[in-house]
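Take a look at the structure set out below.
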Amino acid sequence: MENKHLRWVYLFTLSIVWGSSFILMKKALVGLTAIQVGALRILITAVFLAPFGFKSLLIIKRRHWYYLTISGFIGSFFPAFLFAYAVEKIDSSIASILNSLTPLNTLIFGILFFGFGFRKRQLFGVLIGLTGTILLILKGAELNPDQDYFYATFILVASVGYAFNVNILKKHLHDLDAFSITVGNFVLLIIPTFIVLWYTSFFETFEVTETSIKGVLYLTVLAVFGTGLAKIMFNRLIQISNPIFSSSVTYIIPIVAITWGILDGEKITLMQFSSGLIILFGVYLVNRSK
């Protein structure tokens with residue numbers, strides 16, 4: 001299959017997988033703490049990838065490891081914790097909408113730090129997207145006073161990390177295959193993850209109960225499919241397309257996540273839905289071909 005067709009297959013597959021990841025996080029948080037969800041997600045992914053990826057590590061050159069380290073932390077490590085804390089405090093469907101700001105941030109930081117060009121239309125799209133974000137957060141805080149919308153900023157910070165990660169992969173790791181990048185990222189994160197679990201007394205305080213086991217099972221599905229396999233596919237997508245197209249996977253993620261959220265009893269108001277559409281329209285303007 002040609003790359004121009006294959007990239008669309010990757011895009012929609014990732015949308016379904018990552019769109020489902022928000023409800024999996026929500027279910028895992030019933031039996032686990034946010035810091036446990038973040039750390040175990042990374043650790044399970046690393047354990048899953050390591051047996052298959054040992055040979056891939058041998059082809060990674062010394063110059064790659066610097067960028068793999070940065071990529072691993074800003075594209076996987078910190079976002080895993082930020083999303084877990086955010087989904088614990090706000091609806092998973094709202095978190096998915098805020099995540100759709102990633103293409104806007106990809107454009108902004110691509111211009112500021114990586115020398116990518118832009119059009120006036122794209123700048124206009126950024127402003128529209130930011131307007132939708134402000135409305136979504138303010139209206140959400142007003143309609144759901146029981147939810148702490150301060151944690152919505154965690155999603156915004158994570159999307160900035162994703163944006164930097166996409167640009168780094170495209171500019172500095174384009175000559176390394178997607179599987180090696182993914183395995184390298186998570187192998188580097190094993191020790192930091194163990195340190196987090198150790199200092200939070202996980203190995204001493206974790207109790208095996210029916211609820212915690214269910215949480216681990218949900219998290220395992222998330223780690224294997226939503227992190228491990230999806231990361232390989234996403235890294236490959238970046239290589240056969242461009243940063244803005246790759247990050248536009250977040251266009252469709254909210255549709256999947258909102259569907260799961262409604263099925264799970266979450267409610268989304270017309271104003272929140274309209275704010276989400278404003279964000280997506282801004283993202284569309286950023287990504288639309290000339």
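Ordering of the structure tokens sets the chain letters (A, B, ...), residue numbers begin anew at 1 in every chain, and ligands are numbered from 1 in the order given.
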Self-check item: Those of range 33-211 of chain A in DSSP alpha helix (DSSP H), formatted as a ChimeraX atom specification
Solution: /A:34-58,62-72,78-89,92-99,102-114,120-143,152-172,178-199,202-205,210-211
Practice problem: Kindly indicate which residue among A:Leu57, A:Leu49, A:Leu82, A:Val256 lies nearest to Ile232 in chain A, using only C-alpha atoms for the distances. | Solution: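 Of the candidates, the smallest distance to Ile232 in chain A is held by A:Leu49.
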Self-check item: Within 8 Å of Tyr67 in chain A using only C-alpha atoms, minus same-chain residues under 2 positions, as a PyMOL selection string
Solution: chain A and resi 63-65+69-71+168+172-173
Self-check item: Separation of CA of Gln239 in chain A from CA of Tyr10 in chain A, in Å and rounded to one decimal
Solution: 11.7 Å
Quiz item: Between CA of Leu32 in chain A and CA of Thr200 in chain A, what is the spacing in Å?
Solution: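 According to the coordinates, CA of Thr200 in chain A and CA of Leu32 in chain A are separated by 12.8 Å.
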Nearby residues (only C-alpha atoms) at most 9 Å from range 15-31 of chain A, same-chain spacing under 6 positions excluded, as a compact mmCIF listing (two decimals) with C-alpha atoms, in the first residue's frame:
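In the end it all went to selection-v3.txt:
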```txt
# COMPACT_ATOMS: atom_id res chain seq x y z
CA VAL A 37 -1.73 4.40 36.59
CA PHE A 83 -3.41 12.42 31.76
CA ALA A 84 -3.98 10.10 34.72
CA VAL A 87 -8.94 12.07 33.98
CA GLU A 88 -9.22 11.49 37.73
CA ASP A 91 -14.66 13.84 32.49
CA SER A 92 -12.69 11.69 30.08
CA SER A 93 -14.65 13.11 27.13
CA ALA A 95 -9.98 15.58 28.39
CA SER A 96 -10.09 14.11 24.88
CA THR A 209 -8.09 -6.80 45.75
CA GLU A 210 -10.77 -7.43 43.15
CA THR A 211 -10.90 -3.71 42.39
CA SER A 212 -7.13 -3.29 42.06
CA ILE A 213 -6.85 -6.38 39.84
CA LYS A 214 -9.53 -4.99 37.52
CA GLY A 215 -7.63 -1.71 37.45
CA VAL A 216 -4.43 -3.49 36.44
CA LEU A 217 -6.27 -5.43 33.72
CA TYR A 218 -7.71 -2.24 32.22
CA LEU A 219 -4.27 -0.67 32.45
CA VAL A 221 -4.98 -3.32 27.76
CA LEU A 222 -4.21 0.40 27.67
CA PHE A 225 -2.58 -1.47 22.68
CA GLY A 226 -2.97 2.22 23.55
CA THR A 227 0.71 2.83 24.30
CA ALA A 230 -0.05 2.57 19.04
CA VAL A 249 -5.12 12.12 14.78
CA THR A 250 -6.57 14.17 17.65
CA TYR A 251 -9.35 15.35 15.28
CA ILE A 252 -11.15 12.03 15.57
CA ILE A 253 -10.10 10.93 19.06
CA PRO A 254 -12.82 13.10 20.76
CA ILE A 255 -15.58 11.43 18.72
CA VAL A 256 -14.54 8.01 20.00
CA ALA A 257 -13.86 9.22 23.55
CA ILE A 258 -17.14 11.15 23.84
CA TRP A 260 -17.42 5.95 25.33
CA GLY A 261 -18.02 8.68 27.92
CA ASP A 264 -20.42 5.31 30.72
```
Could you build a table of the residues in range 143-257 of chain A lying no more than 8 Å from range 50-54 of chain A, giving for each the nearest pair of atoms and their separation in Å rounded to one decimal place, using only C-alpha atoms, ordered by chain and ascending residue number, as a tab-separated table?
```
residue	atom	partner	partner_atom	distance
A:Phe179	CA	A:Gly53	CA	7.5
A:Ser180	CA	A:Gly53	CA	7.1
A:Val183	CA	A:Gly53	CA	5.9
A:Val187	CA	A:Ala50	CA	7.2
```
Quiz item: So which residues touch Asn235 in chain A within 10 Å, counting only C-alpha atoms, skipping near sequence neighbours fewer than 6 positions away, as number ranges by chain?
Solution: A: 166, 169-170, 173-174, 176-182, 246
Exercise. Check the smallest atom-to-atom distance from each of A:Ser76, A:Thr269, A:Ser247, A:Thr133 to Gly184 in chain A using only C-alpha atoms, then report the winner.
Key: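 Of all the options, A:Ser76 lies closest to Gly184 in chain A.
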Quiz prompt | Long-range neighbours of Thr45 in chain A as a PyMOL selection string, 8 Å cut-off, only C-alpha atoms, 3 positions minimum in chain | solution = chain A and resi 41-42+48-49+186+223-224+227-228
May I have the selected residues written with C-alpha atoms, as an mmCIF file, in the first residue's frame?
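To be explicit, this is the file written out as again-v6.cif:
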```cif
data_model
loop_
_atom_site.group_PDB
_atom_site.id
_atom_site.type_symbol
_atom_site.label_atom_id
_atom_site.label_comp_id
_atom_site.auth_asym_id
_atom_site.auth_seq_id
_atom_site.Cartn_x
_atom_site.Cartn_y
_atom_site.Cartn_z
ATOM 1 C CA ARG A 41 1.294 2.114 32.167
ATOM 2 C CA ILE A 42 4.889 2.890 31.235
ATOM 3 C CA PHE A 48 5.735 -5.857 26.634
ATOM 4 C CA LEU A 49 8.136 -4.313 24.103
ATOM 5 C CA PHE A 186 10.459 2.847 26.900
ATOM 6 C CA ALA A 223 -0.431 -0.168 27.910
ATOM 7 C CA VAL A 224 -0.201 -2.909 25.263
ATOM 8 C CA THR A 227 0.705 2.833 24.296
ATOM 9 C CA GLY A 228 3.013 0.103 22.955
#
```
